[in-house]
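A short write-up of the structure that comes next.
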Amino acid sequence: MTRGTFLDLCYLVAAITFILALKGLSSPKHARRGNMIAAVGMAIAIAATFAQPHLHHLLPMIIAMVLGAAVAVPTSRFVKMTAIPQLVAIFNGVGGGAAAVVSITTYISLTATTTVCRSFLGVSLNCYSSGGVKSVATYKILEVVLGVIIGTVSFSGSAIAFAKLQELMTGRPITYPAQQVLNAILGAAAVACAILLMTTGALVWLWILLVLAFILGIAFVLPIGGADVPVLISLLNSFTGIAVAASGFTIGNNLLIVAGTLVGASGILLTRMMSAAMGRSLPNILFSAFGSVVTASGSTEHDDGRSVRSGTAEDIGVLLAYARKVVIIPGYGLAVAQAQHVVRELAEELKDRGVDVCFAIHPVAGRMPGHMNVLLAEANVPYDELKEMDEANPEMSTTDVALVVGANDTVNPAAHTTPGSPIYGMPIINADQATNVVFLKRSMRPGFAGIDNDLLYNPKTVLLFGDAKDTLTKLVASVKSA
């Protein structure tokens with residue numbers, strides 16, 4: 001077997017591991033194993049790359065890998081669970097930027113001027129061009145164009161998404177007059193530069209295209225509000241995969257083509273699933289500036305004179321302790337308070353008393369797909385106690401207590417009852433069907449949608465104000481003493 005054949009087989013094995021990894025990542029129960037399979041596949045791919053004949057710039061490559069590992073390993077190990085979405089965003093952006101850089105450098109090398117030098121006894125006398133800039137096939141330039149545009153949009157867009165999630169800038173949509181018109185002009189200018197690059201081959205159009213794509217990525221993300229950023233991250237992840245596949249075509253690497261296509265396809269499927277879970281179309285999410293207007297008052301009294309009913313940890317602890325069935329509905333507030341371990345302790349305490357306990361997980365609870373699943377898995381909550389929305393909703397009518405911890409929009413009945421509401425039509429967890437509803441909230445501040453939740457004013461709802469971790473700790477103590 002020749003070296004080339006062996007390396008191709010290594011790439012094939014790596015591609016197969018990536019497919020198996022995606023299969024594993026589709027379930028929380030097998031996600032860890034899927035992640036390890038992907039890591040093994042990537043190690044095989046890197047080893048095969050370093051085994052390629054005529055490999056140049058070996059030392060800079062090793063230095064770059066060491067620097068990357070020095071940044072990535074501690075960052076990944078010590079990042080808080082609440083910061084995972086922005087970490088995913090920035091890592092995704094770096095991937096898109098890398099794909100764009102690969103496309104640019106490849107194009108520069110393809111169009112490099114052939115230079116001939118005359119020498120005498122090893123001493124260079126003079127150099128001259130042997131024919132000017134090389135011509136590049138149009139399809140090759142198209143591959144470069146796609147890699148640069150998509151990769152750069154993903155890079156700059158992911159940077160803005162990171163800034164929004166990290167609260168380095170406002171999470172509300174940023175809009176300005178004629179925004180869509182200006183974005184259309186930017187897009188048209190980018191297409192014009194791409195055409196000029198393919199027809200003339202002049203490098204200047206590539207640099208202009210790079211700048212336009214960078215600005216377009218920023219303009220694309222600015223009007224998207226915090227509630228929709230998870231969908232945006234998924235879409236940008238798909239963009240990065242497509243850019244990587246394009247760069248794979250550019251440099252003739254089959255593994256990059258396969259890996260990029262897998263990421264691109266899975267990213268767009270996940271984006272569609274999240275859009276469906278929110279009851280909105282993808283264009284509505286990207287272009288409606290959802291969340292720019294806050295309509296909730298943040299007061300404990302509704303406009304029509306209704307007021308909320310608050311309780312104490314002692315009373316609610318007794319209610320939970322003597323219930324037959326309790327469904328815990330987590331949201332981003334649970335992640336912010338880092339209360340996953342305490343909520344597991346509460347669930348175990350209730351189960352010890354014979355209470356049937358499970359967790360109802362909305363598809364877009366938290367700030368990214370699977371955020372709540374990962375958070376609860378970190379606290380060793382059994383996988384069989386995590387029920388997706390479609391599985392949990394039929395059980396809500398037989399539930400004694402729905403315990404909502406840090407969620408708001410994902411249990412808001414306005415999604416069913418209020419046409420014209422920003423969340424109307426969005427599938428929700430039907431907490432309002434439970435016999436009793438307990439809300440753990442820090443304040444009356446609305447969720448990402450910026451609207452009042454009528455469930456808070458329902459006579460069967462009791463609110464317990466405070467930090468989720470503190471209030472859950474008090475509930476654990478109350479259940480034990482009940």
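Convention: chains lettered A, B, ... in structure tokens order; per-chain residue numbering from 1; ligands numbered from 1 as shown.
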
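The neighbours of Asp315 (chain A) here are the residues that come within 12 Å of it, using only C-alpha atoms and leaving out any residue fewer than 6 positions away in the same chain; they are A:Ala321, A:Tyr322, A:Val438, A:Val462, A:Leu463, A:Leu464, A:Lys474, A:Leu475, A:Ala477, A:Ser478, A:Val479, A:Ser481, A:Ala482.
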
Residues as selected, N, CA and C atoms, written as a CSV table (one decimal), in the first residue's frame, can you do that?
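Written file, again_12.csv:
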chain,number,residue,atom,x,y,z
A,321,ALA,N,-43.8,18.8,49.1
A,321,ALA,CA,-43.5,17.6,49.8
A,321,ALA,C,-44.8,16.6,49.8
A,322,TYR,N,-46.0,17.2,49.7
A,322,TYR,CA,-47.2,16.4,49.8
A,322,TYR,C,-47.8,16.2,48.4
A,438,VAL,N,-45.7,27.1,40.6
A,438,VAL,CA,-44.8,27.8,41.4
A,438,VAL,C,-43.7,28.4,40.5
A,462,VAL,N,-48.2,30.8,42.4
A,462,VAL,CA,-47.5,31.4,43.6
A,462,VAL,C,-46.1,31.7,43.1
A,463,LEU,N,-45.6,32.9,43.5
A,463,LEU,CA,-44.3,33.4,43.1
A,463,LEU,C,-43.4,33.3,44.4
A,464,LEU,N,-42.2,32.9,44.2
A,464,LEU,CA,-41.2,33.0,45.2
A,464,LEU,C,-40.0,33.8,44.7
A,474,LYS,N,-33.6,26.9,50.2
A,474,LYS,CA,-34.6,27.0,51.2
A,474,LYS,C,-35.7,26.0,51.0
A,475,LEU,N,-36.0,25.7,49.7
A,475,LEU,CA,-37.1,24.7,49.5
A,475,LEU,C,-36.6,23.3,49.9
A,477,ALA,N,-34.6,22.6,52.3
A,477,ALA,CA,-34.7,22.6,53.8
A,477,ALA,C,-36.1,22.4,54.2
A,478,SER,N,-37.0,23.1,53.5
A,478,SER,CA,-38.4,23.1,53.9
A,478,SER,C,-39.0,21.7,53.6
A,479,VAL,N,-38.7,21.1,52.5
A,479,VAL,CA,-39.2,19.8,52.2
A,479,VAL,C,-38.7,18.8,53.2
A,481,SER,N,-38.0,19.2,56.3
A,481,SER,CA,-38.7,19.4,57.6
A,481,SER,C,-40.2,19.3,57.6
A,482,ALA,N,-40.7,19.1,56.3
A,482,ALA,CA,-42.2,19.0,56.2
A,482,ALA,C,-42.7,17.7,56.8

Got a sec: who's within 9 Å of His371 (chain A), counting only C-alpha atoms, leaving out chain neighbours fewer than 4 positions off, as number ranges by chain? A: 81-82, 84-85, 332, 335, 364-367, 375-376

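Within the 9 Å cut-off around region 25-29 of chain A, using only C-alpha atoms and omitting residues fewer than 5 positions from it on the same chain, the listed residues are A:Leu20, A:Gly34, A:Asn35, A:Gly370, A:Asn373, A:Val374, A:Ala377, A:Tyr383, A:Asp384.
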
What's the 9 Å shell around Lys460 (chain A), counting only C-alpha atoms, without same-chain residues fewer than 4 positions away, as a PyMOL selection string? chain A and resi 309+432+434-438+455

Could you pull out the alpha helix (DSSP H) residues of region 188-402 of chain A from DSSP and send them as a PyMOL selection string? chain A and resi 188-200+203-221+229-251+254-277+282-287+313-321+332-336+340-352+371-378+389-392

Test item: residues at most 10 Å from region 268-272 of chain A, only C-alpha atoms, excluding those fewer than 3 positions along its chain, as number ranges by chain: A: 230-239, 241, 263-265, 275-278, 280-282, 369

Output C-alpha atoms for every residue in the selection just made, as a PDB file, in the first residue's frame.
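Below is the file that was written, out-v9.pdb:
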ATOM      1  CA  PRO A 230     -29.269  30.933  19.784  1.00  0.00           C
ATOM      2  CA  VAL A 231     -30.876  30.480  16.370  1.00  0.00           C
ATOM      3  CA  LEU A 232     -28.345  32.898  14.919  1.00  0.00           C
ATOM      4  CA  ILE A 233     -25.418  30.924  16.389  1.00  0.00           C
ATOM      5  CA  SER A 234     -26.778  27.741  14.836  1.00  0.00           C
ATOM      6  CA  LEU A 235     -27.109  29.452  11.456  1.00  0.00           C
ATOM      7  CA  LEU A 236     -23.606  30.950  11.649  1.00  0.00           C
ATOM      8  CA  ASN A 237     -22.301  27.510  12.564  1.00  0.00           C
ATOM      9  CA  SER A 238     -23.850  26.244   9.343  1.00  0.00           C
ATOM     10  CA  PHE A 239     -22.177  29.116   7.461  1.00  0.00           C
ATOM     11  CA  GLY A 241     -19.311  24.535   7.741  1.00  0.00           C
ATOM     12  CA  VAL A 263     -21.422  20.873   9.832  1.00  0.00           C
ATOM     13  CA  GLY A 264     -23.278  22.944   7.257  1.00  0.00           C
ATOM     14  CA  ALA A 265     -26.111  20.427   6.857  1.00  0.00           C
ATOM     15  CA  SER A 275     -37.312  28.085  14.349  1.00  0.00           C
ATOM     16  CA  ALA A 276     -40.158  25.574  14.490  1.00  0.00           C
ATOM     17  CA  ALA A 277     -39.802  25.312  18.278  1.00  0.00           C
ATOM     18  CA  MET A 278     -40.223  29.079  18.492  1.00  0.00           C
ATOM     19  CA  ARG A 280     -41.570  31.481  13.775  1.00  0.00           C
ATOM     20  CA  SER A 281     -40.053  31.392  10.327  1.00  0.00           C
ATOM     21  CA  LEU A 282     -36.327  31.900   9.853  1.00  0.00           C
ATOM     22  CA  PRO A 369     -29.930  24.104  21.916  1.00  0.00           C
TER      23      PRO A 369
END

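Taking CA of Val94 (chain A) as the reference point, CA of Ser154 (chain A) is found at 8.5 Å.
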
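Look at Val342 (chain A): the protein and nucleic acid residues within 12 Å of it, using only C-alpha atoms and passing over chain neighbours fewer than 2 places away, are Leu334, Ala335, Ala337, Gln338, Ala339, Gln340, Arg344, Glu345, Leu346, Ala347, Glu348, Glu349, Leu375, Leu376, Glu378, Ala379, Asn380, Val381, Val405, Ala468, Lys469, Asp470, Thr471, Leu472, Thr473, Lys474, Leu475, Val476 and Ala477 of chain A.
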
Would you list the contacts of Ile361 (chain A) as an MDAnalysis selection string, taking every protein, DNA or RNA residue within 9 Å and counting only C-alpha atoms, but skipping same-chain residues closer than 5 positions in sequence? chainID A and resid 328:331 370 372:373 386:389 392 429

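The shortest atom-to-atom distance to Leu182 (chain A), with only C-alpha atoms taken into account, belongs to A:Ala219 out of A:Ala219, A:Val229, A:Ala137, A:Ala43.
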
Looking at only C-alpha atoms, which of A:Gly151, A:Ala45, A:Ala192, A:Ala159 is the one that sits closest to Tyr11 (chain A)? A:Ala45

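If only C-alpha atoms are the atoms counted, then among A:Ala14, A:Ile160, A:Val136, A:Ala72 the closest residue to Gln86 (chain A) is A:Ile160.
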
Dump as CSV the rows for residues of region 63-111 of chain A within 8 Å of region 242-258 of chain A: closest atom pair and distance in Å with one decimal, only C-alpha atoms counted, ordered by chain and rising residue number.
residue,atom,partner,partner_atom,distance
A:Gly95,CA,A:Val244,CA,7.9
A:Gly96,CA,A:Ala243,CA,6.5
A:Ala99,CA,A:Val244,CA,5.2
A:Ala100,CA,A:Ala243,CA,7.2
A:Val102,CA,A:Ser247,CA,6.4
A:Ser103,CA,A:Ser247,CA,5.5
A:Thr106,CA,A:Ile251,CA,7.0
